[in-house]
Amino acid sequence: MATGDPVTGHVGRGAVEVTARRGEEAARSLREDEALRVNPGGSLHSIDAKLDQFSMVLPVARGLIGHWEFESQTDGVTPDSSGNGHSGRLEGNAAIVSDAERGKVLALSGLRSSGDGVNIDAIREIPTLLPHRGATLAAWIKRNPDSSAGYEHGYIVALGASGDAPIMTLGVSKDSRRPMGFIEGDGDADQAHVSGDTGLLDGEWTHLAVTYDRAANQAITYLNGVAQATPADISAVGDGALDWQGATIGRNPDHLERDDRFFGGRIDDVRIYDRVLSTAEIRALVSE
């Protein structure tokens with residue numbers, strides 16, 4: 001590129017802030033499927049995005065914040081295999097057990113009185129989700145086929161506390177057995193809910209995932225790699241940073257106040273990403 005040539009930018013996923021080094025025009029935000037040209041004088045001009053000219057393939061490890069495989073525990077702590085140091089502390093009667101299909105897995109009673117869960121925020125805090133960033137939560141689960149399967153919302157992964165605080169969850173509804181999730185900004189008025197349209201089978205291993213795309217303002221749940229229902233509108237949440245107050249596997253962080261959020265059953269291969277995985281990438285997790 002010669003000096004003085006215009007510069008173009010194309011956004012295929014997420015959002016970016018563009019500021020010209022010359023001129024007085026204010027910075028401009030670009031979202032998915034948008035593009036602009038920065039002229040030598042510093043002016044910004046919208047142009048058609050030509051995403052077919054760029055590679056959109058990202059490695060599945062890209063954006064991985066935490067990964068818990070439950071292959072081992074030492075003094076009640078199970079490691080985070082992402083390398084980011086978010087080791088989980090087993091609480092209540094949570095235990096790592098042998099499973100005939102998946103090897104070592106996390107086992108949770110689902111009982112309110114036990115307080116089972118894994119605190120993944122105590123040893124090293126799960127980082128704040130930055131402005132405009134999306135997220136993906138994914139896990140393998142086998143729900144108990146009895147009343148211990150969970151209460152109103154069986155949380156598989158919960159970032160943040162309920163109420164007037166940012167939250168983001170992956171769970172399974174008690175009666176319909178459908179994948180579901182919540183995302184919330186600064187309070188209940190900023191909350192959005194997403195639910196699937198297919199119920200899982202209790203007592204069988206099932207892969208669940210949810211993506212929160214804050215650029216496209218939509219959330220999608222997945223069951224065994226298949227996108228569920230119509231995407232939910234999450235525009236009420238906004239694009240600002242989400243600073244979690246706690247993070248857990250198997251229950252809500254503020255379980256002393258919200259005692260109906262326990263999951264009963266087995267959990268394996270929990271992953272948290274700070275980006276939106278594509279359908280192909282989620283299917284790759286299922287097939288691993």
# chains A, B, ... in the order shown; residues from 1 in each chain; ligands from 1

call {"tool": "residues_around", "arguments": {"residues": "region 132-140 of chain A", "least_positions_apart": "3", "cutoff": "7 Å", "atoms": "only C-alpha atoms", "output": "PDB file with N, CA and C atoms, in the first residue's frame"}}
result
ATOM      1  N   GLY A  14     -18.247  -9.612  15.703  1.00  0.00           N
ATOM      2  CA  GLY A  14     -17.978  -8.720  16.815  1.00  0.00           C
ATOM      3  C   GLY A  14     -18.147  -7.266  16.437  1.00  0.00           C
ATOM      4  N   ALA A  15     -17.324  -6.392  17.002  1.00  0.00           N
ATOM      5  CA  ALA A  15     -17.399  -4.960  16.727  1.00  0.00           C
ATOM      6  C   ALA A  15     -16.037  -4.339  16.987  1.00  0.00           C
ATOM      7  N   LEU A 129     -16.377  -9.352  30.851  1.00  0.00           N
ATOM      8  CA  LEU A 129     -16.624  -9.388  29.411  1.00  0.00           C
ATOM      9  C   LEU A 129     -16.584  -7.954  28.902  1.00  0.00           C
ATOM     10  N   LEU A 170     -26.030 -20.660  31.311  1.00  0.00           N
ATOM     11  CA  LEU A 170     -26.482 -21.791  30.509  1.00  0.00           C
ATOM     12  C   LEU A 170     -27.150 -22.752  31.474  1.00  0.00           C
ATOM     13  N   TRP A 205     -26.304 -38.587  28.097  1.00  0.00           N
ATOM     14  CA  TRP A 205     -25.366 -37.499  27.875  1.00  0.00           C
ATOM     15  C   TRP A 205     -25.819 -36.647  26.690  1.00  0.00           C
ATOM     16  N   THR A 206     -25.847 -35.346  26.905  1.00  0.00           N
ATOM     17  CA  THR A 206     -26.306 -34.384  25.901  1.00  0.00           C
ATOM     18  C   THR A 206     -25.386 -33.176  25.928  1.00  0.00           C
ATOM     19  N   HIS A 207     -25.064 -32.658  24.751  1.00  0.00           N
ATOM     20  CA  HIS A 207     -24.239 -31.442  24.692  1.00  0.00           C
ATOM     21  C   HIS A 207     -25.154 -30.226  24.557  1.00  0.00           C
ATOM     22  N   LEU A 208     -24.978 -29.263  25.454  1.00  0.00           N
ATOM     23  CA  LEU A 208     -25.733 -28.016  25.420  1.00  0.00           C
ATOM     24  C   LEU A 208     -24.779 -26.835  25.250  1.00  0.00           C
ATOM     25  N   ALA A 209     -25.254 -25.807  24.578  1.00  0.00           N
ATOM     26  CA  ALA A 209     -24.471 -24.582  24.415  1.00  0.00           C
ATOM     27  C   ALA A 209     -25.425 -23.408  24.231  1.00  0.00           C
ATOM     28  N   VAL A 210     -24.922 -22.226  24.545  1.00  0.00           N
ATOM     29  CA  VAL A 210     -25.665 -20.996  24.273  1.00  0.00           C
ATOM     30  C   VAL A 210     -24.665 -19.938  23.817  1.00  0.00           C
ATOM     31  N   THR A 211     -25.038 -19.173  22.800  1.00  0.00           N
ATOM     32  CA  THR A 211     -24.211 -18.072  22.324  1.00  0.00           C
ATOM     33  C   THR A 211     -24.946 -16.760  22.567  1.00  0.00           C
ATOM     34  N   TYR A 212     -24.196 -15.760  23.034  1.00  0.00           N
ATOM     35  CA  TYR A 212     -24.728 -14.416  23.254  1.00  0.00           C
ATOM     36  C   TYR A 212     -23.973 -13.460  22.335  1.00  0.00           C
ATOM     37  N   ASP A 213     -24.622 -13.051  21.263  1.00  0.00           N
ATOM     38  CA  ASP A 213     -24.012 -12.186  20.255  1.00  0.00           C
ATOM     39  C   ASP A 213     -24.482 -10.756  20.487  1.00  0.00           C
ATOM     40  N   ARG A 214     -23.641  -9.942  21.113  1.00  0.00           N
ATOM     41  CA  ARG A 214     -24.057  -8.579  21.451  1.00  0.00           C
ATOM     42  C   ARG A 214     -23.845  -7.607  20.291  1.00  0.00           C
ATOM     43  N   ALA A 215     -23.221  -8.057  19.221  1.00  0.00           N
ATOM     44  CA  ALA A 215     -23.150  -7.239  18.008  1.00  0.00           C
ATOM     45  C   ALA A 215     -24.446  -7.375  17.211  1.00  0.00           C
ATOM     46  N   ASP A 239     -24.336  -2.979  25.155  1.00  0.00           N
ATOM     47  CA  ASP A 239     -23.020  -3.433  24.695  1.00  0.00           C
ATOM     48  C   ASP A 239     -21.890  -3.139  25.676  1.00  0.00           C
ATOM     49  N   GLY A 240     -22.219  -2.641  26.862  1.00  0.00           N
ATOM     50  CA  GLY A 240     -21.174  -2.289  27.817  1.00  0.00           C
ATOM     51  C   GLY A 240     -20.505  -3.494  28.450  1.00  0.00           C
ATOM     52  N   ILE A 267     -21.842 -33.514  34.891  1.00  0.00           N
ATOM     53  CA  ILE A 267     -21.399 -32.472  33.973  1.00  0.00           C
ATOM     54  C   ILE A 267     -19.969 -32.771  33.550  1.00  0.00           C
ATOM     55  N   ASP A 268     -19.661 -32.473  32.286  1.00  0.00           N
ATOM     56  CA  ASP A 268     -18.310 -32.712  31.784  1.00  0.00           C
ATOM     57  C   ASP A 268     -17.971 -31.661  30.722  1.00  0.00           C
ATOM     58  N   ASP A 269     -16.690 -31.429  30.557  1.00  0.00           N
ATOM     59  CA  ASP A 269     -16.165 -30.604  29.459  1.00  0.00           C
ATOM     60  C   ASP A 269     -16.850 -29.237  29.362  1.00  0.00           C
ATOM     61  N   VAL A 270     -16.810 -28.490  30.440  1.00  0.00           N
ATOM     62  CA  VAL A 270     -17.401 -27.146  30.473  1.00  0.00           C
ATOM     63  C   VAL A 270     -16.431 -26.149  29.846  1.00  0.00           C
ATOM     64  N   ARG A 271     -16.959 -25.303  28.959  1.00  0.00           N
ATOM     65  CA  ARG A 271     -16.120 -24.296  28.287  1.00  0.00           C
ATOM     66  C   ARG A 271     -16.811 -22.934  28.307  1.00  0.00           C
ATOM     67  N   ILE A 272     -16.000 -21.894  28.503  1.00  0.00           N
ATOM     68  CA  ILE A 272     -16.462 -20.511  28.433  1.00  0.00           C
ATOM     69  C   ILE A 272     -15.577 -19.771  27.429  1.00  0.00           C
ATOM     70  N   TYR A 273     -16.208 -19.121  26.452  1.00  0.00           N
ATOM     71  CA  TYR A 273     -15.496 -18.321  25.446  1.00  0.00           C
ATOM     72  C   TYR A 273     -15.947 -16.870  25.539  1.00  0.00           C
ATOM     73  N   ASP A 274     -15.033 -15.946  25.221  1.00  0.00           N
ATOM     74  CA  ASP A 274     -15.430 -14.543  25.160  1.00  0.00           C
ATOM     75  C   ASP A 274     -15.689 -14.115  23.711  1.00  0.00           C
ATOM     76  N   ARG A 275     -16.196 -15.028  22.933  1.00  0.00           N
ATOM     77  CA  ARG A 275     -16.627 -14.745  21.563  1.00  0.00           C
ATOM     78  C   ARG A 275     -17.767 -15.697  21.213  1.00  0.00           C
ATOM     79  N   VAL A 276     -18.449 -15.386  20.128  1.00  0.00           N
ATOM     80  CA  VAL A 276     -19.567 -16.213  19.665  1.00  0.00           C
ATOM     81  C   VAL A 276     -19.036 -17.307  18.751  1.00  0.00           C
ATOM     82  N   LEU A 277     -19.176 -18.550  19.154  1.00  0.00           N
ATOM     83  CA  LEU A 277     -18.794 -19.658  18.289  1.00  0.00           C
ATOM     84  C   LEU A 277     -19.831 -19.845  17.193  1.00  0.00           C
TER      85      LEU A 277
END

call {"tool": "residues_around", "arguments": {"residues": "Gly76 (chain A)", "least_positions_apart": "3", "cutoff": "10 Å", "atoms": "only C-alpha atoms", "output": "count of residues only"}}
result
10

call {"tool": "atom_distance", "arguments": {"atom1": "CA of Thr198 (chain A)", "atom2": "CA of Ser173 (chain A)"}}
result
11.0 Å

call {"tool": "select_by_dssp", "arguments": {"residues": "region 44-281 of chain A", "states": "strand (DSSP E or B)", "output": "short mmCIF file (atom, residue, chain, number, x, y, z; two decimals) with N, CA and C atoms, in the first residue's frame"}}
result
data_model
loop_
_atom_site.label_atom_id
_atom_site.label_comp_id
_atom_site.auth_asym_id
_atom_site.auth_seq_id
_atom_site.Cartn_x
_atom_site.Cartn_y
_atom_site.Cartn_z
N LEU A 44 -14.06 9.45 7.14
CA LEU A 44 -14.54 8.07 7.20
C LEU A 44 -15.77 7.93 6.32
N HIS A 45 -15.81 6.89 5.48
CA HIS A 45 -16.92 6.68 4.56
C HIS A 45 -17.36 5.23 4.62
N SER A 46 -18.66 5.01 4.79
CA SER A 46 -19.20 3.65 4.80
C SER A 46 -19.11 3.05 3.40
N ILE A 47 -18.75 1.77 3.33
CA ILE A 47 -18.68 1.05 2.06
C ILE A 47 -19.32 -0.31 2.26
N LEU A 64 -10.95 -18.86 24.28
CA LEU A 64 -11.31 -19.77 25.36
C LEU A 64 -10.86 -19.18 26.70
N ILE A 65 -11.81 -18.86 27.56
CA ILE A 65 -11.52 -18.28 28.87
C ILE A 65 -11.24 -19.36 29.91
N GLY A 66 -12.04 -20.41 29.90
CA GLY A 66 -11.87 -21.48 30.86
C GLY A 66 -12.38 -22.79 30.31
N HIS A 67 -11.74 -23.90 30.73
CA HIS A 67 -12.11 -25.23 30.24
C HIS A 67 -11.89 -26.22 31.39
N TRP A 68 -13.00 -26.82 31.84
CA TRP A 68 -12.94 -27.73 32.98
C TRP A 68 -13.34 -29.12 32.52
N THR A 74 -7.28 -32.02 43.41
CA THR A 74 -6.32 -32.08 44.50
C THR A 74 -6.79 -31.16 45.61
N VAL A 77 -9.74 -29.10 44.59
CA VAL A 77 -9.57 -28.15 43.49
C VAL A 77 -9.34 -28.90 42.19
N THR A 78 -10.13 -28.58 41.16
CA THR A 78 -9.98 -29.21 39.84
C THR A 78 -9.43 -28.18 38.86
N GLY A 88 -11.17 -24.68 39.60
CA GLY A 88 -12.45 -24.68 40.30
C GLY A 88 -12.38 -25.35 41.66
N ARG A 89 -13.04 -24.75 42.64
CA ARG A 89 -13.09 -25.32 43.98
C ARG A 89 -14.42 -26.05 44.18
N LEU A 90 -14.36 -27.35 44.45
CA LEU A 90 -15.56 -28.15 44.67
C LEU A 90 -16.20 -27.75 45.99
N GLU A 91 -17.53 -27.54 45.98
CA GLU A 91 -18.24 -27.11 47.17
C GLU A 91 -19.43 -28.04 47.42
N ALA A 95 -18.54 -33.88 43.57
CA ALA A 95 -17.47 -34.88 43.53
C ALA A 95 -17.11 -35.21 42.09
N ILE A 96 -15.89 -35.63 41.90
CA ILE A 96 -15.45 -36.13 40.60
C ILE A 96 -15.52 -37.65 40.65
N VAL A 97 -16.27 -38.25 39.72
CA VAL A 97 -16.52 -39.68 39.74
C VAL A 97 -16.22 -40.27 38.37
N SER A 98 -16.16 -41.60 38.31
CA SER A 98 -15.94 -42.28 37.03
C SER A 98 -17.28 -42.55 36.35
N ASP A 99 -17.33 -42.27 35.06
CA ASP A 99 -18.53 -42.50 34.27
C ASP A 99 -18.19 -43.47 33.14
N GLY A 103 -15.60 -41.20 31.18
CA GLY A 103 -14.46 -41.19 32.07
C GLY A 103 -14.75 -40.40 33.33
N LYS A 104 -13.82 -39.56 33.76
CA LYS A 104 -14.02 -38.76 34.97
C LYS A 104 -14.93 -37.57 34.66
N VAL A 105 -15.92 -37.35 35.52
CA VAL A 105 -16.90 -36.27 35.33
C VAL A 105 -17.26 -35.68 36.69
N LEU A 106 -17.95 -34.54 36.66
CA LEU A 106 -18.44 -33.91 37.88
C LEU A 106 -19.82 -34.45 38.21
N ALA A 107 -20.04 -34.84 39.48
CA ALA A 107 -21.34 -35.33 39.93
C ALA A 107 -21.91 -34.37 40.98
N LEU A 108 -23.19 -33.97 40.78
CA LEU A 108 -23.87 -33.03 41.66
C LEU A 108 -25.19 -33.63 42.11
N SER A 109 -25.54 -33.45 43.38
CA SER A 109 -26.75 -34.06 43.92
C SER A 109 -28.01 -33.33 43.48
N GLY A 117 -21.69 -27.52 43.89
CA GLY A 117 -21.27 -26.68 42.78
C GLY A 117 -19.76 -26.60 42.73
N VAL A 118 -19.26 -25.92 41.70
CA VAL A 118 -17.83 -25.68 41.56
C VAL A 118 -17.64 -24.18 41.42
N ASN A 119 -16.93 -23.58 42.34
CA ASN A 119 -16.64 -22.16 42.31
C ASN A 119 -15.45 -21.93 41.38
N LEU A 129 -16.38 -9.35 30.85
CA LEU A 129 -16.62 -9.39 29.41
C LEU A 129 -16.58 -7.95 28.90
N ALA A 135 -20.20 -14.01 23.78
CA ALA A 135 -19.73 -15.11 24.61
C ALA A 135 -20.43 -16.40 24.23
N THR A 136 -19.79 -17.52 24.57
CA THR A 136 -20.37 -18.85 24.38
C THR A 136 -20.13 -19.67 25.64
N LEU A 137 -21.17 -20.35 26.11
CA LEU A 137 -21.07 -21.29 27.23
C LEU A 137 -21.46 -22.66 26.70
N ALA A 138 -20.68 -23.70 27.04
CA ALA A 138 -20.96 -25.03 26.51
C ALA A 138 -20.58 -26.10 27.52
N ALA A 139 -21.27 -27.24 27.48
CA ALA A 139 -20.98 -28.34 28.39
C ALA A 139 -21.70 -29.60 27.96
N TRP A 140 -21.17 -30.74 28.37
CA TRP A 140 -21.87 -32.01 28.30
C TRP A 140 -22.57 -32.23 29.64
N ILE A 141 -23.83 -32.70 29.59
CA ILE A 141 -24.55 -32.96 30.84
C ILE A 141 -25.32 -34.28 30.75
N LYS A 142 -25.56 -34.89 31.89
CA LYS A 142 -26.47 -36.03 32.01
C LYS A 142 -27.33 -35.76 33.25
N ARG A 143 -28.55 -35.33 33.03
CA ARG A 143 -29.43 -34.92 34.12
C ARG A 143 -30.02 -36.12 34.83
N GLY A 150 -33.12 -31.00 39.41
CA GLY A 150 -32.95 -29.56 39.53
C GLY A 150 -34.26 -28.89 39.80
N HIS A 153 -34.65 -23.48 37.53
CA HIS A 153 -33.67 -23.38 36.45
C HIS A 153 -32.41 -24.11 36.90
N GLY A 154 -32.11 -25.24 36.27
CA GLY A 154 -30.90 -25.97 36.63
C GLY A 154 -29.71 -25.34 35.93
N TYR A 155 -28.94 -24.52 36.65
CA TYR A 155 -27.81 -23.82 36.04
C TYR A 155 -26.63 -24.77 35.86
N ILE A 156 -26.15 -24.85 34.63
CA ILE A 156 -24.95 -25.61 34.32
C ILE A 156 -23.73 -24.72 34.49
N VAL A 157 -23.81 -23.52 33.94
CA VAL A 157 -22.79 -22.49 34.13
C VAL A 157 -23.50 -21.19 34.47
N ALA A 158 -23.01 -20.48 35.48
CA ALA A 158 -23.59 -19.19 35.84
C ALA A 158 -22.47 -18.19 36.10
N LEU A 159 -22.41 -17.15 35.28
CA LEU A 159 -21.48 -16.05 35.50
C LEU A 159 -22.27 -14.90 36.09
N ILE A 167 -25.42 -10.89 34.69
CA ILE A 167 -25.39 -12.35 34.72
C ILE A 167 -25.36 -12.88 33.29
N MET A 168 -24.88 -14.10 33.16
CA MET A 168 -24.94 -14.84 31.90
C MET A 168 -24.94 -16.31 32.25
N THR A 169 -25.92 -17.06 31.77
CA THR A 169 -26.05 -18.44 32.21
C THR A 169 -26.34 -19.40 31.05
N LEU A 170 -26.03 -20.66 31.31
CA LEU A 170 -26.48 -21.79 30.51
C LEU A 170 -27.15 -22.75 31.47
N GLY A 171 -28.36 -23.18 31.15
CA GLY A 171 -29.06 -24.09 32.04
C GLY A 171 -30.04 -24.97 31.29
N VAL A 172 -30.85 -25.70 32.06
CA VAL A 172 -31.89 -26.53 31.48
C VAL A 172 -33.15 -26.34 32.33
N SER A 173 -34.28 -26.12 31.68
CA SER A 173 -35.51 -25.86 32.41
C SER A 173 -36.01 -27.14 33.09
N PRO A 179 -32.86 -26.55 26.69
CA PRO A 179 -31.73 -25.66 27.01
C PRO A 179 -32.22 -24.23 27.13
N MET A 180 -31.63 -23.47 28.07
CA MET A 180 -32.07 -22.10 28.28
C MET A 180 -30.92 -21.28 28.85
N GLY A 181 -31.14 -19.98 28.87
CA GLY A 181 -30.13 -19.10 29.43
C GLY A 181 -30.68 -17.72 29.70
N PHE A 182 -29.98 -16.98 30.56
CA PHE A 182 -30.30 -15.59 30.86
C PHE A 182 -29.07 -14.73 30.64
N ILE A 183 -29.29 -13.51 30.21
CA ILE A 183 -28.23 -12.50 30.20
C ILE A 183 -28.86 -11.23 30.75
N GLU A 184 -28.09 -10.53 31.58
CA GLU A 184 -28.62 -9.36 32.26
C GLU A 184 -27.53 -8.31 32.36
N ALA A 192 -32.61 -10.53 29.45
CA ALA A 192 -33.17 -11.23 28.30
C ALA A 192 -33.06 -12.73 28.54
N HIS A 193 -34.03 -13.47 28.03
CA HIS A 193 -34.10 -14.91 28.23
C HIS A 193 -34.13 -15.61 26.89
N VAL A 194 -33.42 -16.72 26.78
CA VAL A 194 -33.42 -17.51 25.56
C VAL A 194 -33.73 -18.96 25.93
N SER A 195 -34.53 -19.63 25.10
CA SER A 195 -34.90 -21.02 25.38
C SER A 195 -34.95 -21.81 24.08
N THR A 206 -25.85 -35.35 26.90
CA THR A 206 -26.31 -34.38 25.90
C THR A 206 -25.39 -33.18 25.93
N HIS A 207 -25.06 -32.66 24.75
CA HIS A 207 -24.24 -31.44 24.69
C HIS A 207 -25.15 -30.23 24.56
N LEU A 208 -24.98 -29.26 25.45
CA LEU A 208 -25.73 -28.02 25.42
C LEU A 208 -24.78 -26.84 25.25
N ALA A 209 -25.25 -25.81 24.58
CA ALA A 209 -24.47 -24.58 24.42
C ALA A 209 -25.43 -23.41 24.23
N VAL A 210 -24.92 -22.23 24.54
CA VAL A 210 -25.67 -21.00 24.27
C VAL A 210 -24.66 -19.94 23.82
N THR A 211 -25.04 -19.17 22.80
CA THR A 211 -24.21 -18.07 22.32
C THR A 211 -24.95 -16.76 22.57
N TYR A 212 -24.20 -15.76 23.03
CA TYR A 212 -24.73 -14.42 23.25
C TYR A 212 -23.97 -13.46 22.33
N ASP A 213 -24.62 -13.05 21.26
CA ASP A 213 -24.01 -12.19 20.26
C ASP A 213 -24.48 -10.76 20.49
N GLN A 218 -28.48 -10.97 19.60
CA GLN A 218 -29.28 -12.18 19.64
C GLN A 218 -28.57 -13.28 20.41
N ALA A 219 -29.37 -14.18 20.98
CA ALA A 219 -28.86 -15.35 21.69
C ALA A 219 -29.48 -16.59 21.09
N ILE A 220 -28.69 -17.67 21.02
CA ILE A 220 -29.15 -18.93 20.43
C ILE A 220 -28.71 -20.08 21.34
N THR A 221 -29.61 -21.01 21.62
CA THR A 221 -29.24 -22.23 22.33
C THR A 221 -29.02 -23.37 21.33
N TYR A 222 -28.19 -24.33 21.75
CA TYR A 222 -27.87 -25.49 20.91
C TYR A 222 -28.05 -26.76 21.72
N LEU A 223 -28.59 -27.80 21.10
CA LEU A 223 -28.70 -29.12 21.69
C LEU A 223 -28.04 -30.10 20.74
N VAL A 226 -27.22 -28.65 17.35
CA VAL A 226 -28.31 -28.15 16.51
C VAL A 226 -28.88 -26.88 17.13
N ALA A 227 -28.90 -25.79 16.36
CA ALA A 227 -29.45 -24.53 16.84
C ALA A 227 -30.94 -24.68 17.14
N GLN A 228 -31.38 -24.13 18.27
CA GLN A 228 -32.74 -24.30 18.74
C GLN A 228 -33.58 -23.03 18.56
N ALA A 229 -34.80 -23.20 18.05
CA ALA A 229 -35.82 -22.16 18.01
C ALA A 229 -35.34 -20.90 17.29
N THR A 230 -36.10 -19.82 17.47
CA THR A 230 -35.76 -18.53 16.88
C THR A 230 -34.81 -17.80 17.81
N PRO A 231 -33.77 -17.16 17.28
CA PRO A 231 -32.86 -16.41 18.16
C PRO A 231 -33.61 -15.40 19.01
N ALA A 232 -33.19 -15.26 20.27
CA ALA A 232 -33.81 -14.32 21.19
C ALA A 232 -33.17 -12.95 21.08
N ASP A 233 -33.97 -11.91 21.18
CA ASP A 233 -33.49 -10.53 21.13
C ASP A 233 -32.89 -10.15 22.48
N LEU A 242 -19.48 -6.28 31.12
CA LEU A 242 -20.22 -7.06 32.10
C LEU A 242 -19.22 -7.61 33.12
N ALA A 247 -18.75 -16.77 39.82
CA ALA A 247 -18.95 -17.66 38.68
C ALA A 247 -18.92 -19.09 39.18
N THR A 248 -19.89 -19.89 38.76
CA THR A 248 -19.99 -21.26 39.26
C THR A 248 -20.43 -22.22 38.17
N ILE A 249 -20.16 -23.49 38.42
CA ILE A 249 -20.68 -24.59 37.62
C ILE A 249 -21.64 -25.38 38.51
N PHE A 263 -28.39 -27.74 39.76
CA PHE A 263 -28.46 -28.78 38.74
C PHE A 263 -28.13 -30.12 39.39
N GLY A 264 -28.94 -31.14 39.10
CA GLY A 264 -28.69 -32.47 39.62
C GLY A 264 -28.33 -33.43 38.51
N GLY A 265 -27.15 -34.01 38.58
CA GLY A 265 -26.71 -34.94 37.55
C GLY A 265 -25.21 -34.88 37.37
N ARG A 266 -24.76 -35.15 36.16
CA ARG A 266 -23.34 -35.16 35.85
C ARG A 266 -23.02 -34.12 34.78
N ILE A 267 -21.84 -33.51 34.89
CA ILE A 267 -21.40 -32.47 33.97
C ILE A 267 -19.97 -32.77 33.55
N ASP A 268 -19.66 -32.47 32.29
CA ASP A 268 -18.31 -32.71 31.78
C ASP A 268 -17.97 -31.66 30.72
N ASP A 269 -16.69 -31.43 30.56
CA ASP A 269 -16.16 -30.60 29.46
C ASP A 269 -16.85 -29.24 29.36
N VAL A 270 -16.81 -28.49 30.44
CA VAL A 270 -17.40 -27.15 30.47
C VAL A 270 -16.43 -26.15 29.85
N ARG A 271 -16.96 -25.30 28.96
CA ARG A 271 -16.12 -24.30 28.29
C ARG A 271 -16.81 -22.93 28.31
N ILE A 272 -16.00 -21.89 28.50
CA ILE A 272 -16.46 -20.51 28.43
C ILE A 272 -15.58 -19.77 27.43
N TYR A 273 -16.21 -19.12 26.45
CA TYR A 273 -15.50 -18.32 25.45
C TYR A 273 -15.95 -16.87 25.54
#

call {"tool": "atom_distance", "arguments": {"atom1": "CA of Ile234 (chain A)", "atom2": "CA of Gln191 (chain A)"}}
result
7.8 Å

call {"tool": "atom_distance", "arguments": {"atom1": "CA of Gly185 (chain A)", "atom2": "CA of Val237 (chain A)"}}
result
4.9 Å

call {"tool": "select_by_dssp", "arguments": {"residues": "region 135-210 of chain A", "states": "helix (DSSP H, G or I)", "output": "list in words"}}
result
Ser147, Ser148, Ala149, Asp188, Ala189 and Asp190 of chain A

call {"tool": "closest_residue", "arguments": {"among": "A:Lys174, A:Arg124, A:Arg112, A:Arg102", "to": "Glu69 (chain A)", "atoms": "only C-alpha atoms"}}
result
A:Arg102

call {"tool": "closest_residue", "arguments": {"among": "A:Gly225, A:Pro145, A:Pro166, A:Trp244", "to": "Leu201 (chain A)", "atoms": "only C-alpha atoms"}}
result
A:Pro145

call {"tool": "decode", "arguments": {"residues": "region 219-231 of chain A", "atoms": "N, CA and C atoms", "output": "PDB file, in the first residue's frame"}}
result
ATOM      1  N   ALA A 219     -29.373 -14.179  20.978  1.00  0.00           N
ATOM      2  CA  ALA A 219     -28.855 -15.345  21.688  1.00  0.00           C
ATOM      3  C   ALA A 219     -29.475 -16.592  21.088  1.00  0.00           C
ATOM      4  N   ILE A 220     -28.690 -17.669  21.022  1.00  0.00           N
ATOM      5  CA  ILE A 220     -29.148 -18.931  20.435  1.00  0.00           C
ATOM      6  C   ILE A 220     -28.706 -20.081  21.339  1.00  0.00           C
ATOM      7  N   THR A 221     -29.611 -21.014  21.616  1.00  0.00           N
ATOM      8  CA  THR A 221     -29.236 -22.226  22.332  1.00  0.00           C
ATOM      9  C   THR A 221     -29.015 -23.367  21.333  1.00  0.00           C
ATOM     10  N   TYR A 222     -28.192 -24.329  21.746  1.00  0.00           N
ATOM     11  CA  TYR A 222     -27.874 -25.488  20.914  1.00  0.00           C
ATOM     12  C   TYR A 222     -28.050 -26.764  21.722  1.00  0.00           C
ATOM     13  N   LEU A 223     -28.594 -27.795  21.098  1.00  0.00           N
ATOM     14  CA  LEU A 223     -28.699 -29.125  21.689  1.00  0.00           C
ATOM     15  C   LEU A 223     -28.044 -30.103  20.742  1.00  0.00           C
ATOM     16  N   ASN A 224     -26.950 -30.737  21.203  1.00  0.00           N
ATOM     17  CA  ASN A 224     -26.163 -31.663  20.385  1.00  0.00           C
ATOM     18  C   ASN A 224     -25.765 -31.034  19.054  1.00  0.00           C
ATOM     19  N   GLY A 225     -25.387 -29.753  19.097  1.00  0.00           N
ATOM     20  CA  GLY A 225     -24.888 -29.057  17.914  1.00  0.00           C
ATOM     21  C   GLY A 225     -25.944 -28.493  17.004  1.00  0.00           C
ATOM     22  N   VAL A 226     -27.219 -28.647  17.348  1.00  0.00           N
ATOM     23  CA  VAL A 226     -28.311 -28.148  16.513  1.00  0.00           C
ATOM     24  C   VAL A 226     -28.877 -26.882  17.133  1.00  0.00           C
ATOM     25  N   ALA A 227     -28.905 -25.787  16.363  1.00  0.00           N
ATOM     26  CA  ALA A 227     -29.451 -24.526  16.844  1.00  0.00           C
ATOM     27  C   ALA A 227     -30.936 -24.683  17.142  1.00  0.00           C
ATOM     28  N   GLN A 228     -31.377 -24.132  18.266  1.00  0.00           N
ATOM     29  CA  GLN A 228     -32.740 -24.301  18.740  1.00  0.00           C
ATOM     30  C   GLN A 228     -33.576 -23.034  18.555  1.00  0.00           C
ATOM     31  N   ALA A 229     -34.800 -23.205  18.050  1.00  0.00           N
ATOM     32  CA  ALA A 229     -35.819 -22.159  18.010  1.00  0.00           C
ATOM     33  C   ALA A 229     -35.339 -20.896  17.294  1.00  0.00           C
ATOM     34  N   THR A 230     -36.098 -19.825  17.467  1.00  0.00           N
ATOM     35  CA  THR A 230     -35.764 -18.531  16.884  1.00  0.00           C
ATOM     36  C   THR A 230     -34.814 -17.796  17.811  1.00  0.00           C
ATOM     37  N   PRO A 231     -33.771 -17.158  17.282  1.00  0.00           N
ATOM     38  CA  PRO A 231     -32.862 -16.407  18.156  1.00  0.00           C
ATOM     39  C   PRO A 231     -33.613 -15.396  19.007  1.00  0.00           C
TER      40      PRO A 231
END
